[in-house]
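work_36.cif (mmCIF, C-alpha atoms)
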```
data_entry
loop_
_atom_site.label_atom_id
_atom_site.label_comp_id
_atom_site.auth_asym_id
_atom_site.auth_seq_id
_atom_site.Cartn_x
_atom_site.Cartn_y
_atom_site.Cartn_z
CA MET U 1 115.74 75.58 64.40
CA ASN U 2 113.62 72.90 62.74
CA MET U 3 110.55 71.10 64.05
CA ILE U 4 112.41 68.14 65.54
CA GLU U 5 114.87 70.38 67.41
CA SER U 6 112.01 72.55 68.63
CA VAL U 7 109.98 69.60 69.93
CA GLU U 8 113.05 68.13 71.65
CA CYS U 9 113.89 71.50 73.21
CA CYS U 10 110.36 72.20 74.41
CA PHE U 11 109.87 68.75 75.92
CA SER U 12 113.30 68.87 77.55
CA LYS U 13 112.23 72.20 79.10
CA TYR U 14 108.80 70.72 79.93
CA ALA U 15 108.01 73.08 82.80
CA THR U 16 110.74 75.70 82.41
CA PHE U 17 109.12 79.11 82.43
CA GLU U 18 112.42 81.01 82.67
CA GLY U 19 114.61 82.00 79.76
CA ASN U 20 113.77 82.78 76.16
CA ALA U 21 112.28 80.97 73.16
CA SER U 22 112.90 82.06 69.60
CA ARG U 23 110.08 82.53 67.13
CA SER U 24 111.03 79.37 65.28
CA GLU U 25 111.12 77.33 68.49
CA PHE U 26 107.66 78.55 69.49
CA TRP U 27 105.96 78.22 66.10
CA TRP U 28 107.42 74.82 65.22
CA PHE U 29 106.29 73.47 68.59
CA TYR U 30 102.85 75.03 68.19
CA LEU U 31 102.54 73.45 64.72
CA PHE U 32 103.53 70.08 66.20
CA TYR U 33 100.84 70.53 68.86
CA LEU U 34 98.18 71.33 66.22
CA ILE U 35 99.16 68.26 64.20
CA ALA U 36 98.95 66.12 67.35
CA VAL U 37 95.46 67.50 68.08
CA MET U 38 94.36 66.72 64.50
CA VAL U 39 95.64 63.18 64.80
CA ALA U 40 93.81 62.83 68.14
CA ILE U 41 90.55 64.10 66.61
CA THR U 42 91.00 61.56 63.83
CA LEU U 43 91.59 58.73 66.30
CA ASP U 44 88.50 59.80 68.25
CA GLY U 45 86.46 59.90 65.04
CA ASN U 46 85.16 63.40 65.76
CA TRP U 47 85.88 65.13 62.45
CA SER U 48 82.23 65.03 61.43
CA PHE U 49 81.29 66.92 64.60
CA VAL U 50 84.14 69.40 64.15
CA LEU U 51 83.24 70.12 60.53
CA GLU U 52 79.48 70.37 61.14
CA GLN U 53 79.30 72.12 64.50
CA GLY U 54 82.71 73.75 64.87
CA TYR U 55 85.64 72.82 67.09
CA LEU U 56 84.36 74.43 70.28
CA SER U 57 81.00 72.64 70.24
CA ALA U 58 82.34 69.23 69.21
CA PRO U 59 82.63 66.50 71.86
CA ILE U 60 86.13 65.93 73.20
CA GLY U 61 87.31 62.35 72.94
CA LEU U 62 89.82 60.37 74.95
CA TRP U 63 92.78 60.87 72.60
CA GLU U 64 92.20 64.59 72.29
CA THR U 65 91.99 64.89 76.07
CA LEU U 66 95.27 63.01 76.50
CA VAL U 67 97.04 65.16 73.89
CA ASN U 68 95.79 68.39 75.47
CA LEU U 69 96.81 67.25 78.96
CA GLY U 70 100.26 66.22 77.71
CA PHE U 71 100.85 69.52 75.93
CA PHE U 72 99.25 71.87 78.46
CA ILE U 73 102.34 72.73 80.53
CA PRO U 74 104.87 72.73 77.63
CA ILE U 75 102.68 75.08 75.57
CA LEU U 76 102.34 77.46 78.51
CA ALA U 77 106.08 77.27 79.18
CA VAL U 78 107.20 77.92 75.60
CA ALA U 79 104.66 80.75 75.24
CA CYS U 80 105.99 82.28 78.47
CA ARG U 81 109.59 82.00 77.23
CA ARG U 82 108.50 83.51 73.88
CA LEU U 83 107.04 86.53 75.71
CA HIS U 84 110.27 86.86 77.69
CA ASP U 85 112.15 86.93 74.38
CA ILE U 86 110.31 90.10 73.36
CA GLY U 87 110.82 91.69 76.77
CA MET U 88 107.41 90.98 78.31
CA SER U 89 106.25 89.07 81.35
CA GLY U 90 104.88 85.57 80.88
CA TRP U 91 101.90 86.57 82.98
CA TRP U 92 100.52 88.35 79.92
CA GLN U 93 99.24 84.93 78.81
CA LEU U 94 96.37 85.45 81.22
CA ILE U 95 94.93 87.94 78.74
CA ALA U 96 93.84 84.89 76.72
CA ILE U 97 91.06 84.35 79.27
CA THR U 98 89.21 87.26 77.69
CA GLY U 99 89.08 85.45 74.35
CA ILE U 100 89.96 88.55 72.36
CA GLY U 101 93.35 88.53 74.10
CA TYR U 102 94.50 85.80 71.71
CA PHE U 103 94.79 88.41 68.97
CA LEU U 104 97.21 90.45 71.08
CA LEU U 105 99.17 87.33 72.08
CA PHE U 106 99.38 86.24 68.44
CA TYR U 107 100.76 89.67 67.54
CA TRP U 108 103.35 89.48 70.32
CA TRP U 109 104.38 85.91 69.46
CA CYS U 110 105.15 87.10 65.92
CA GLN U 111 107.47 89.92 67.06
CA LYS U 112 111.23 89.82 66.56
CA SER U 113 113.45 89.09 69.54
CA ARG U 114 114.53 92.06 71.62
CA SER U 115 117.34 90.26 73.41
#
```
Can I see the file as structure tokens?
Amino acid sequence: MNMIESVECCFSKYATFEGNASRSEFWWFYLFYLIAVMVAITLDGNWSFVLEQGYLSAPIGLWETLVNLGFFIPILAVACRRLHDIGMSGWWQLIAITGIGYFLLFYWWCQKSRS
């Protein structure tokens, strides 16, 4: 699966939390999301804040807000389907709330399919 197919698939399954997502589907869509965020930061003119103060302390502009709102549900859905693909519940995404849970999620998202 390439990036275009992945983006089409993920947006066509906008809020579908059932089923599976391959590694390539997940990572291509996540890369597309990161590129969209970078473009939004550029349009907002916030790169100087990001580079000087770090991403978390930089102000969030209009374009970045719109991109994050537009991608919020599809990112959750594809991550949930990715966890299903390795035999886990999508509810494990809640571990990200701890902050350190992202490391565990990243490890799981990189695992081979079990189905």
Trp91 in chain U: which residues within 12 Å, counting only C-alpha atoms, same-chain residues fewer than 6 positions away excluded, as a PyMOL selection string? chain U and resi 17-18+76-77+79-84+97+105
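Of the residues under consideration (U:Val67, U:Met1, U:Cys9, U:Val50), U:Val67 shows the shortest atom-to-atom contact distance to Tyr33 in chain U when counting all atoms listed in the file.
Between CA of Leu34 in chain U and CA of Ser12 in chain U lies a distance of 19.1 Å.
The spacing separating CA of Ser24 in chain U from CA of Trp47 in chain U amounts to 29.0 Å.
Among the candidates U:Ile4, U:Cys110, U:Ile86, U:Val37, the residue lying nearest to Glu64 in chain U is U:Val37 (atoms considered: only C-alpha atoms).
Nearest to Phe106 in chain U of all the residues U:Phe26, U:Lys13, U:Leu51, U:Leu66 is U:Phe26, based on all atoms listed in the file.
Closest approach to Phe11 in chain U among U:Trp63, U:Trp109, U:Tyr102, U:Phe71: U:Phe71, based on only C-alpha atoms.
For the pair CA of Ile95 in chain U and CA of Phe72 in chain U, the separation is 16.6 Å.
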Would you mind writing range 80-91 of chain U with all heavy atoms, as a JSON list (two decimals), in the coordinates of the input?
```
[["chain", "number", "residue", "atom", "x", "y", "z"],
["U", 80, "CYS", "N", 105.41, 81.38, 77.46],
["U", 80, "CYS", "CA", 105.99, 82.28, 78.47],
["U", 80, "CYS", "C", 107.41, 82.68, 78.07],
["U", 80, "CYS", "O", 107.77, 83.86, 78.12],
["U", 80, "CYS", "CB", 105.98, 81.58, 79.82],
["U", 80, "CYS", "SG", 106.62, 82.56, 81.16],
["U", 81, "ARG", "N", 108.21, 81.70, 77.65],
["U", 81, "ARG", "CA", 109.59, 82.00, 77.23],
["U", 81, "ARG", "C", 109.59, 82.87, 75.98],
["U", 81, "ARG", "O", 110.45, 83.73, 75.80],
["U", 81, "ARG", "CB", 110.36, 80.69, 76.98],
["U", 81, "ARG", "CG", 110.62, 79.91, 78.24],
["U", 81, "ARG", "CD", 111.65, 78.81, 78.05],
["U", 81, "ARG", "NE", 111.41, 77.95, 76.91],
["U", 81, "ARG", "CZ", 110.73, 76.81, 76.95],
["U", 81, "ARG", "NH1", 110.20, 76.39, 78.08],
["U", 81, "ARG", "NH2", 110.58, 76.08, 75.86],
["U", 82, "ARG", "N", 108.60, 82.68, 75.08],
["U", 82, "ARG", "CA", 108.50, 83.51, 73.88],
["U", 82, "ARG", "C", 108.22, 84.96, 74.27],
["U", 82, "ARG", "O", 108.79, 85.89, 73.71],
["U", 82, "ARG", "CB", 107.39, 82.98, 72.97],
["U", 82, "ARG", "CG", 107.18, 83.77, 71.72],
["U", 82, "ARG", "CD", 108.34, 83.59, 70.73],
["U", 82, "ARG", "NE", 108.36, 84.70, 69.82],
["U", 82, "ARG", "CZ", 109.38, 85.54, 69.68],
["U", 82, "ARG", "NH1", 110.49, 85.36, 70.35],
["U", 82, "ARG", "NH2", 109.32, 86.54, 68.84],
["U", 83, "LEU", "N", 107.32, 85.16, 75.24],
["U", 83, "LEU", "CA", 107.04, 86.53, 75.71],
["U", 83, "LEU", "C", 108.27, 87.14, 76.36],
["U", 83, "LEU", "O", 108.53, 88.34, 76.19],
["U", 83, "LEU", "CB", 105.84, 86.53, 76.65],
["U", 83, "LEU", "CG", 104.48, 86.28, 76.01],
["U", 83, "LEU", "CD1", 103.40, 86.13, 77.06],
["U", 83, "LEU", "CD2", 104.13, 87.38, 75.03],
["U", 84, "HIS", "N", 109.03, 86.35, 77.10],
["U", 84, "HIS", "CA", 110.27, 86.86, 77.69],
["U", 84, "HIS", "C", 111.23, 87.32, 76.60],
["U", 84, "HIS", "O", 111.96, 88.29, 76.79],
["U", 84, "HIS", "CB", 110.96, 85.78, 78.53],
["U", 84, "HIS", "CG", 110.24, 85.42, 79.78],
["U", 84, "HIS", "ND1", 110.56, 84.32, 80.52],
["U", 84, "HIS", "CD2", 109.20, 86.01, 80.43],
["U", 84, "HIS", "CE1", 109.76, 84.24, 81.57],
["U", 84, "HIS", "NE2", 108.92, 85.27, 81.53],
["U", 85, "ASP", "N", 111.23, 86.62, 75.47],
["U", 85, "ASP", "CA", 112.15, 86.93, 74.38],
["U", 85, "ASP", "C", 111.86, 88.31, 73.76],
["U", 85, "ASP", "O", 112.76, 88.93, 73.20],
["U", 85, "ASP", "CB", 112.07, 85.84, 73.30],
["U", 85, "ASP", "CG", 113.21, 85.90, 72.33],
["U", 85, "ASP", "OD1", 114.37, 86.04, 72.78],
["U", 85, "ASP", "OD2", 112.97, 85.80, 71.11],
["U", 86, "ILE", "N", 110.63, 88.77, 73.89],
["U", 86, "ILE", "CA", 110.31, 90.10, 73.36],
["U", 86, "ILE", "C", 110.25, 91.14, 74.48],
["U", 86, "ILE", "O", 109.77, 92.24, 74.28],
["U", 86, "ILE", "CB", 109.01, 90.10, 72.54],
["U", 86, "ILE", "CG1", 107.80, 89.73, 73.39],
["U", 86, "ILE", "CG2", 109.13, 89.22, 71.33],
["U", 86, "ILE", "CD1", 106.47, 90.05, 72.74],
["U", 87, "GLY", "N", 110.71, 90.75, 75.67],
["U", 87, "GLY", "CA", 110.82, 91.69, 76.77],
["U", 87, "GLY", "C", 109.55, 91.87, 77.58],
["U", 87, "GLY", "O", 109.36, 92.90, 78.23],
["U", 88, "MET", "N", 108.66, 90.88, 77.56],
["U", 88, "MET", "CA", 107.41, 90.98, 78.31],
["U", 88, "MET", "C", 107.35, 89.89, 79.37],
["U", 88, "MET", "O", 108.05, 88.89, 79.29],
["U", 88, "MET", "CB", 106.22, 90.86, 77.36],
["U", 88, "MET", "CG", 106.25, 91.91, 76.28],
["U", 88, "MET", "SD", 104.71, 92.04, 75.42],
["U", 88, "MET", "CE", 103.68, 92.67, 76.70],
["U", 89, "SER", "N", 106.46, 90.06, 80.31],
["U", 89, "SER", "CA", 106.25, 89.07, 81.35],
["U", 89, "SER", "C", 105.39, 87.92, 80.82],
["U", 89, "SER", "O", 104.47, 88.15, 80.02],
["U", 89, "SER", "CB", 105.54, 89.71, 82.54],
["U", 89, "SER", "OG", 105.13, 88.72, 83.47],
["U", 90, "GLY", "N", 105.67, 86.72, 81.27],
["U", 90, "GLY", "CA", 104.88, 85.57, 80.88],
["U", 90, "GLY", "C", 103.47, 85.61, 81.41],
["U", 90, "GLY", "O", 102.58, 84.93, 80.90],
["U", 91, "TRP", "N", 103.24, 86.43, 82.41],
["U", 91, "TRP", "CA", 101.90, 86.57, 82.98],
["U", 91, "TRP", "C", 100.91, 87.17, 81.99],
["U", 91, "TRP", "O", 99.70, 87.08, 82.18],
["U", 91, "TRP", "CB", 101.95, 87.40, 84.26],
["U", 91, "TRP", "CG", 102.57, 86.67, 85.41],
["U", 91, "TRP", "CD1", 103.83, 86.82, 85.90],
["U", 91, "TRP", "CD2", 101.96, 85.64, 86.20],
["U", 91, "TRP", "NE1", 104.04, 85.95, 86.94],
["U", 91, "TRP", "CE2", 102.91, 85.21, 87.15],
["U", 91, "TRP", "CE3", 100.71, 85.03, 86.18],
["U", 91, "TRP", "CZ2", 102.65, 84.22, 88.07],
["U", 91, "TRP", "CZ3", 100.45, 84.05, 87.11],
["U", 91, "TRP", "CH2", 101.41, 83.65, 88.04]]
```
